[in-house]
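Undergrad: Data file query.cif (mmCIF, C-alpha atoms) is appended below.
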```
data_coords
loop_
_atom_site.group_PDB
_atom_site.id
_atom_site.type_symbol
_atom_site.label_atom_id
_atom_site.label_comp_id
_atom_site.auth_asym_id
_atom_site.auth_seq_id
_atom_site.Cartn_x
_atom_site.Cartn_y
_atom_site.Cartn_z
ATOM 1 C CA MET A 1 0.000 0.000 0.000
ATOM 2 C CA HIS A 2 1.336 3.406 -0.987
ATOM 3 C CA THR A 3 1.472 5.883 1.862
ATOM 4 C CA THR A 4 1.870 9.593 1.311
ATOM 5 C CA ALA A 5 1.884 10.763 4.913
ATOM 6 C CA HIS A 6 5.254 12.442 4.681
ATOM 7 C CA SER A 7 5.007 13.658 1.097
ATOM 8 C CA THR A 8 1.623 15.315 1.102
ATOM 9 C CA ALA A 9 0.950 18.983 0.936
ATOM 10 C CA TYR A 10 -1.093 18.626 4.104
ATOM 11 C CA SER A 11 1.689 17.088 6.168
ATOM 12 C CA LEU A 12 4.280 19.627 5.038
ATOM 13 C CA ILE A 13 2.175 22.582 6.132
ATOM 14 C CA ARG A 14 0.981 21.494 9.519
ATOM 15 C CA PRO A 15 1.227 24.392 11.907
ATOM 16 C CA ASN A 16 1.257 23.585 15.597
ATOM 17 C CA ALA A 17 -1.798 25.643 16.465
ATOM 18 C CA TRP A 18 -4.956 27.001 14.860
ATOM 19 C CA TRP A 19 -3.634 30.563 15.200
ATOM 20 C CA LEU A 20 -0.806 29.628 12.841
ATOM 21 C CA GLU A 21 -3.163 27.822 10.465
ATOM 22 C CA LEU A 22 -5.615 30.702 10.001
ATOM 23 C CA PRO A 23 -3.159 33.209 8.504
ATOM 24 C CA LEU A 24 -2.008 30.587 5.999
ATOM 25 C CA LEU A 25 -5.553 29.796 4.888
ATOM 26 C CA LEU A 26 -6.559 33.462 4.904
ATOM 27 C CA GLY A 27 -3.548 34.321 2.759
ATOM 28 C CA PHE A 28 -4.525 31.778 0.141
ATOM 29 C CA ASN A 29 -8.131 32.951 0.313
ATOM 30 C CA LEU A 30 -6.979 36.514 -0.361
ATOM 31 C CA LEU A 31 -4.869 35.250 -3.267
ATOM 32 C CA LEU A 32 -7.976 33.692 -4.781
ATOM 33 C CA VAL A 33 -9.984 36.895 -4.261
ATOM 34 C CA ALA A 34 -7.211 38.975 -5.866
ATOM 35 C CA CYS A 35 -7.194 36.627 -8.868
ATOM 36 C CA ALA A 36 -10.935 37.243 -9.319
ATOM 37 C CA TYR A 37 -10.204 40.916 -9.929
ATOM 38 C CA ILE A 38 -8.088 40.104 -12.970
ATOM 39 C CA VAL A 39 -10.870 40.274 -15.551
ATOM 40 C CA PHE A 40 -11.001 40.542 -19.327
ATOM 41 C CA THR A 41 -14.420 40.660 -20.972
ATOM 42 C CA VAL A 42 -15.081 38.560 -24.020
ATOM 43 C CA PRO A 43 -17.528 40.394 -26.303
ATOM 44 C CA PHE A 44 -19.168 37.224 -27.643
ATOM 45 C CA SER A 45 -19.429 35.400 -24.317
ATOM 46 C CA PRO A 46 -21.301 35.993 -21.054
ATOM 47 C CA VAL A 47 -18.247 34.577 -19.254
ATOM 48 C CA PRO A 48 -15.186 36.778 -18.646
ATOM 49 C CA ILE A 49 -11.602 35.596 -18.663
ATOM 50 C CA THR A 50 -10.327 35.859 -15.085
ATOM 51 C CA GLY A 51 -7.405 34.860 -12.928
ATOM 52 C CA GLN A 52 -9.629 32.682 -10.735
ATOM 53 C CA THR A 53 -8.594 29.405 -12.363
ATOM 54 C CA PHE A 54 -4.949 30.245 -11.672
ATOM 55 C CA GLY A 55 -5.820 30.908 -8.025
ATOM 56 C CA VAL A 56 -7.799 27.705 -7.612
ATOM 57 C CA LEU A 57 -5.049 25.582 -9.157
ATOM 58 C CA LEU A 58 -2.306 27.173 -7.076
ATOM 59 C CA VAL A 59 -4.318 26.935 -3.848
ATOM 60 C CA ALA A 60 -5.070 23.254 -4.443
ATOM 61 C CA MET A 61 -1.499 22.353 -5.400
ATOM 62 C CA ALA A 62 -0.031 24.220 -2.428
ATOM 63 C CA LEU A 63 -2.532 23.177 0.238
ATOM 64 C CA GLY A 64 -3.705 19.744 -0.853
ATOM 65 C CA ARG A 65 -7.196 18.286 -0.952
ATOM 66 C CA VAL A 66 -8.514 19.157 2.512
ATOM 67 C CA ARG A 67 -7.199 22.664 2.929
ATOM 68 C CA GLY A 68 -7.386 23.618 -0.738
ATOM 69 C CA THR A 69 -11.017 22.560 -1.028
ATOM 70 C CA ALA A 70 -11.790 24.349 2.244
ATOM 71 C CA VAL A 71 -10.285 27.622 0.976
ATOM 72 C CA VAL A 72 -12.166 27.430 -2.335
ATOM 73 C CA THR A 73 -15.435 26.527 -0.573
ATOM 74 C CA ALA A 74 -14.980 29.449 1.831
ATOM 75 C CA TYR A 75 -14.419 31.688 -1.190
ATOM 76 C CA LEU A 76 -17.747 30.607 -2.705
ATOM 77 C CA ILE A 77 -19.553 31.087 0.596
ATOM 78 C CA GLU A 78 -18.079 34.589 0.905
ATOM 79 C CA GLY A 79 -19.333 35.484 -2.559
ATOM 80 C CA ILE A 80 -22.787 34.021 -2.000
ATOM 81 C CA ALA A 81 -22.996 35.936 1.283
ATOM 82 C CA GLY A 82 -22.484 39.181 -0.618
ATOM 83 C CA LEU A 83 -18.781 39.896 -0.294
ATOM 84 C CA PRO A 84 -17.418 41.229 -3.610
ATOM 85 C CA VAL A 85 -15.077 38.309 -4.257
ATOM 86 C CA PHE A 86 -16.307 36.944 -7.568
ATOM 87 C CA ALA A 87 -15.095 38.121 -10.990
ATOM 88 C CA GLY A 88 -14.585 41.859 -10.979
ATOM 89 C CA GLY A 89 -16.155 42.257 -7.546
ATOM 90 C CA SER A 90 -19.503 40.649 -8.294
ATOM 91 C CA ALA A 91 -21.279 38.962 -5.419
ATOM 92 C CA GLY A 92 -24.486 37.448 -4.146
ATOM 93 C CA PRO A 93 -26.511 34.310 -4.720
ATOM 94 C CA ALA A 94 -27.657 35.571 -8.134
ATOM 95 C CA VAL A 95 -24.157 34.857 -9.475
ATOM 96 C CA LEU A 96 -24.849 31.155 -8.897
ATOM 97 C CA ALA A 97 -27.868 31.459 -11.147
ATOM 98 C CA GLY A 98 -25.892 33.188 -13.899
ATOM 99 C CA PRO A 99 -23.713 31.931 -16.728
ATOM 100 C CA THR A 100 -20.539 31.603 -14.627
ATOM 101 C CA ALA A 101 -22.074 29.365 -11.939
ATOM 102 C CA GLY A 102 -20.828 26.122 -13.498
ATOM 103 C CA TYR A 103 -17.274 27.396 -13.515
ATOM 104 C CA LEU A 104 -17.552 28.571 -9.892
ATOM 105 C CA LEU A 105 -18.925 25.231 -8.707
ATOM 106 C CA GLY A 106 -16.300 23.500 -10.827
ATOM 107 C CA PHE A 107 -13.671 25.315 -8.752
ATOM 108 C CA VAL A 108 -14.595 23.233 -5.704
ATOM 109 C CA VAL A 109 -14.442 19.940 -7.587
ATOM 110 C CA ALA A 110 -11.179 20.961 -9.258
ATOM 111 C CA ALA A 111 -9.657 21.928 -5.885
ATOM 112 C CA TRP A 112 -10.556 18.493 -4.556
ATOM 113 C CA VAL A 113 -9.166 16.678 -7.610
ATOM 114 C CA VAL A 114 -5.977 18.748 -7.928
ATOM 115 C CA GLY A 115 -5.452 18.749 -4.163
ATOM 116 C CA SER A 116 -5.826 14.963 -4.105
ATOM 117 C CA LEU A 117 -3.171 14.660 -6.788
ATOM 118 C CA ALA A 118 -0.913 17.031 -4.859
ATOM 119 C CA ASP A 119 -1.400 14.863 -1.776
ATOM 120 C CA ARG A 120 -0.139 11.934 -3.857
ATOM 121 C CA GLY A 121 3.061 13.799 -4.710
ATOM 122 C CA TRP A 122 2.123 15.285 -8.081
ATOM 123 C CA ASP A 123 3.165 18.686 -6.747
ATOM 124 C CA LYS A 124 6.807 17.621 -6.444
ATOM 125 C CA ASN A 125 7.436 17.147 -10.165
ATOM 126 C CA PHE A 126 7.002 19.819 -12.831
ATOM 127 C CA GLY A 127 5.458 17.459 -15.390
ATOM 128 C CA LEU A 128 3.035 15.936 -12.910
ATOM 129 C CA SER A 129 2.136 19.411 -11.608
ATOM 130 C CA VAL A 130 1.276 20.503 -15.133
ATOM 131 C CA ALA A 131 -0.771 17.323 -15.625
ATOM 132 C CA ALA A 132 -2.644 17.794 -12.334
ATOM 133 C CA MET A 133 -3.495 21.393 -13.147
ATOM 134 C CA THR A 134 -4.530 20.440 -16.680
ATOM 135 C CA ILE A 135 -6.923 17.879 -15.223
ATOM 136 C CA GLY A 136 -8.242 20.498 -12.795
ATOM 137 C CA THR A 137 -8.746 22.968 -15.611
ATOM 138 C CA ALA A 138 -10.657 20.332 -17.584
ATOM 139 C CA VAL A 139 -12.907 19.765 -14.557
ATOM 140 C CA ILE A 140 -13.631 23.503 -14.379
ATOM 141 C CA PHE A 141 -14.393 23.670 -18.102
ATOM 142 C CA ILE A 142 -16.685 20.637 -17.942
ATOM 143 C CA GLY A 143 -18.710 22.192 -15.115
ATOM 144 C CA GLY A 144 -18.719 25.583 -16.783
ATOM 145 C CA LEU A 145 -19.778 24.325 -20.192
ATOM 146 C CA ALA A 146 -22.475 22.051 -18.779
ATOM 147 C CA TRP A 147 -24.091 24.995 -16.976
ATOM 148 C CA LEU A 148 -23.471 27.453 -19.820
ATOM 149 C CA THR A 149 -25.759 25.384 -22.079
ATOM 150 C CA GLN A 150 -28.647 27.150 -20.320
ATOM 151 C CA PHE A 151 -27.442 30.511 -21.652
ATOM 152 C CA VAL A 152 -25.773 29.774 -24.986
ATOM 153 C CA PRO A 153 -27.010 27.646 -27.908
ATOM 154 C CA LEU A 154 -25.111 24.382 -28.321
ATOM 155 C CA GLU A 155 -23.650 25.426 -31.660
ATOM 156 C CA GLY A 156 -21.972 28.417 -29.997
ATOM 157 C CA LEU A 157 -21.018 26.736 -26.728
ATOM 158 C CA LEU A 158 -17.337 26.091 -27.449
ATOM 159 C CA THR A 159 -16.876 29.592 -28.849
ATOM 160 C CA ALA A 160 -18.536 31.179 -25.821
ATOM 161 C CA GLY A 161 -17.120 28.982 -23.082
ATOM 162 C CA LEU A 162 -13.930 27.191 -24.107
ATOM 163 C CA ILE A 163 -11.985 28.307 -27.174
ATOM 164 C CA PRO A 164 -11.189 31.891 -26.082
ATOM 165 C CA PHE A 165 -10.222 30.625 -22.615
ATOM 166 C CA ALA A 166 -7.853 27.813 -23.655
ATOM 167 C CA PRO A 167 -4.737 29.933 -24.371
ATOM 168 C CA GLY A 168 -5.103 31.726 -21.031
ATOM 169 C CA ALA A 169 -5.628 28.417 -19.255
ATOM 170 C CA LEU A 170 -2.334 27.123 -20.645
ATOM 171 C CA ILE A 171 -0.550 30.281 -19.520
ATOM 172 C CA LYS A 172 -2.082 30.037 -16.018
ATOM 173 C CA ILE A 173 -1.033 26.378 -15.720
ATOM 174 C CA GLY A 174 2.496 27.241 -16.839
ATOM 175 C CA ILE A 175 2.884 30.162 -14.437
ATOM 176 C CA ALA A 176 1.417 28.221 -11.511
ATOM 177 C CA SER A 177 3.750 25.281 -12.212
ATOM 178 C CA VAL A 178 6.787 27.548 -12.325
ATOM 179 C CA ILE A 179 6.004 29.417 -9.090
ATOM 180 C CA LEU A 180 4.821 26.394 -7.094
ATOM 181 C CA PRO A 181 8.317 25.560 -5.773
ATOM 182 C CA SER A 182 8.633 29.143 -4.481
ATOM 183 C CA ILE A 183 5.284 28.800 -2.729
ATOM 184 C CA TRP A 184 6.566 25.621 -1.070
ATOM 185 C CA ARG A 185 9.723 27.366 0.119
ATOM 186 C CA PHE A 186 7.641 30.187 1.567
ATOM 187 C CA ILE A 187 5.184 27.833 3.291
ATOM 188 C CA ARG A 188 7.856 25.600 4.730
ATOM 189 C CA ASN A 189 10.018 28.610 5.565
ATOM 190 C CA ASP A 190 13.086 26.467 5.024
ATOM 191 C CA ARG A 191 15.030 28.731 2.681
#
```
Will you turn the file into structure tokens for me?
TA:
Amino acid sequence: MHTTAHSTAYSLIRPNAWWLELPLLLGFNLLLVACAYIVFTVPFSPVPITGQTFGVLLVAMALGRVRGTAVVTAYLIEGIAGLPVFAGGSAGPAVLAGPTAGYLLGFVVAAWVVGSLADRGWDKNFGLSVAAMTIGTAVIFIGGLAWLTQFVPLEGLLTAGLIPFAPGALIKIGIASVILPSIWRFIRNDR
């Protein structure tokens, strides 16, 4: 049986007390919120290009399944509660009835999937990190496109919800993979 107790993101970031844990989680939550303010509108789509996917992937790879999913879930709860944390400062439960809801809900699933892969050591290798984040991005797109069918005709679905976002997704995966080792050094405070 393969054990990952000493190689998981979770075990490497285990503060001794809750008061050390909260700043770490809050910092990653703020990173995710900041990424939501990086917004580019797409004239032919009701979905903007944002930095949120980058934030979700980095949070999940750095924190693992439990903590990463918790941070992303807290982010959604904050937005639903009315805090201006969604794309461009949008907020409220109405956002989860709009065209971006599938992507937002996909963030939670992607955090769980990517975090699970990080817990299995995929975060320690550049190629596996890229693969994990590519899988996570696919999860987000699947959720987003499935929900977007309520707002866009099927023949325009890929144009409105995938094709213009693919180049940015590749860039976000690349940047997150390159900076992940620096995040680890910061978290572990060993260099």
Undergrad: Name the residues that the PyMOL selection byres ((chain A and resi 30) around 12) picks from the file above, as a JSON list (two decimals) with C-alpha atoms, in the frame of the given file, using the file's chain letters and numbers.
TA:
```json
[["chain", "number", "residue", "atom", "x", "y", "z"],
["A", 22, "LEU", "CA", -5.62, 30.70, 10.00],
["A", 23, "PRO", "CA", -3.16, 33.21, 8.50],
["A", 24, "LEU", "CA", -2.01, 30.59, 6.00],
["A", 25, "LEU", "CA", -5.55, 29.80, 4.89],
["A", 26, "LEU", "CA", -6.56, 33.46, 4.90],
["A", 27, "GLY", "CA", -3.55, 34.32, 2.76],
["A", 28, "PHE", "CA", -4.53, 31.78, 0.14],
["A", 29, "ASN", "CA", -8.13, 32.95, 0.31],
["A", 31, "LEU", "CA", -4.87, 35.25, -3.27],
["A", 32, "LEU", "CA", -7.98, 33.69, -4.78],
["A", 33, "VAL", "CA", -9.98, 36.90, -4.26],
["A", 34, "ALA", "CA", -7.21, 38.98, -5.87],
["A", 35, "CYS", "CA", -7.19, 36.63, -8.87],
["A", 36, "ALA", "CA", -10.94, 37.24, -9.32],
["A", 37, "TYR", "CA", -10.20, 40.92, -9.93],
["A", 52, "GLN", "CA", -9.63, 32.68, -10.74],
["A", 55, "GLY", "CA", -5.82, 30.91, -8.02],
["A", 56, "VAL", "CA", -7.80, 27.70, -7.61],
["A", 59, "VAL", "CA", -4.32, 26.94, -3.85],
["A", 71, "VAL", "CA", -10.28, 27.62, 0.98],
["A", 72, "VAL", "CA", -12.17, 27.43, -2.34],
["A", 74, "ALA", "CA", -14.98, 29.45, 1.83],
["A", 75, "TYR", "CA", -14.42, 31.69, -1.19],
["A", 78, "GLU", "CA", -18.08, 34.59, 0.90],
["A", 84, "PRO", "CA", -17.42, 41.23, -3.61],
["A", 85, "VAL", "CA", -15.08, 38.31, -4.26],
["A", 86, "PHE", "CA", -16.31, 36.94, -7.57]]
```
Undergrad: Kindly indicate which residue among A:Leu158, A:Phe54, A:Trp122, A:Val152 lies nearest to Thr137 in chain A, using all atoms listed in the file for the distances.
TA: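 For Thr137 in chain A, the nearest of the given residues is A:Phe54.
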Undergrad: Which residue gives the smallest distance to Ser116 in chain A among A:Val42, A:Val139, A:Ala97, A:Ala132, with only C-alpha atoms counted?
TA: A:Ala132
Undergrad: Applied to the shown file, which residues does the PyMOL selection byres ((chain A and resi 163) around 12) return, written as a list in words?
TA: Val42, Phe44, Ser45, Val47, Ile49, Phe141, Leu145, Gly156, Leu157, Leu158, Thr159, Ala160, Gly161, Leu162, Pro164, Phe165, Ala166, Pro167, Gly168, Ala169 and Leu170 of chain A
Undergrad: Would you please work out which residue, of A:Pro153, A:Ile187, A:Val178, A:Ile171, is nearest to Ala62 in chain A when using all atoms listed in the file?
TA: A:Ile187
Undergrad: Report, in Å with one decimal, the straight-line distance from CA of Phe107 in chain A to CA of Thr53 in chain A.
TA: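 Here the two named atoms are 7.5 Å from each other.
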Undergrad: Please compute the CA of Val114 in chain A-CA of Leu128 in chain A distance, one decimal, in Å.
TA: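 CA of Val114 in chain A sits 10.7 Å away from CA of Leu128 in chain A.
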Undergrad: Pick out the closest residue to Gly115 in chain A from this set: A:Gly144, A:Gly92, A:Gly136, A:Pro43. Count only C-alpha atoms.
TA: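 Looking only at the distances to Gly115 in chain A, the closest residue turns out to be A:Gly136.
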Undergrad: Restricting the calculation to only C-alpha atoms: of A:Leu148, A:Val109, A:Ala94, A:Val130, which residue gets closest to Ile175 in chain A?
TA: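 Smallest separation from Ile175 in chain A among the options: A:Val130.
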Undergrad: Near Pro181 in chain A, counting all atoms listed in the file, which residues have an atom at most 10 Å away, once you skip same-chain residues fewer than 3 positions from it, shown as a list of chain:residue names?
TA: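 So, after excluding close chain neighbours, the residues are A:Ala62, A:Asp123, A:Lys124, A:Asn125, A:Phe126, A:Ala176, A:Ser177, A:Val178, A:Trp184, A:Arg185, A:Phe186, A:Ile187.
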Undergrad: For Gly143 in chain A, which of A:Ala101, A:Glu155, A:Ile173, A:Trp112 is the closest residue, counting all atoms listed in the file?
TA: A:Ala101
Undergrad: Go ahead and compute the interatomic distance for CA of Ile179 in chain A and CA of Ala138 in chain A, in Å to one decimal.
TA: 20.8 Å
Undergrad: Taking the file as shown, what set of residues would the PyMOL selection byres ((chain A and resi 64) around 7) give back, as a PyMOL selection string?
TA: chain A and resi 9-10+60-63+65-68+115-116+118-119
Undergrad: Just C-alpha atoms for this one: save the residues we selected as a compact mmCIF listing (two decimals), keeping the file's coordinate frame.
TA:
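Below is the file again12.txt, written as the result:
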```txt
# COMPACT_ATOMS: atom_id res chain seq x y z
CA ALA A 9 0.95 18.98 0.94
CA TYR A 10 -1.09 18.63 4.10
CA ALA A 60 -5.07 23.25 -4.44
CA MET A 61 -1.50 22.35 -5.40
CA ALA A 62 -0.03 24.22 -2.43
CA LEU A 63 -2.53 23.18 0.24
CA ARG A 65 -7.20 18.29 -0.95
CA VAL A 66 -8.51 19.16 2.51
CA ARG A 67 -7.20 22.66 2.93
CA GLY A 68 -7.39 23.62 -0.74
CA GLY A 115 -5.45 18.75 -4.16
CA SER A 116 -5.83 14.96 -4.11
CA ALA A 118 -0.91 17.03 -4.86
CA ASP A 119 -1.40 14.86 -1.78
```
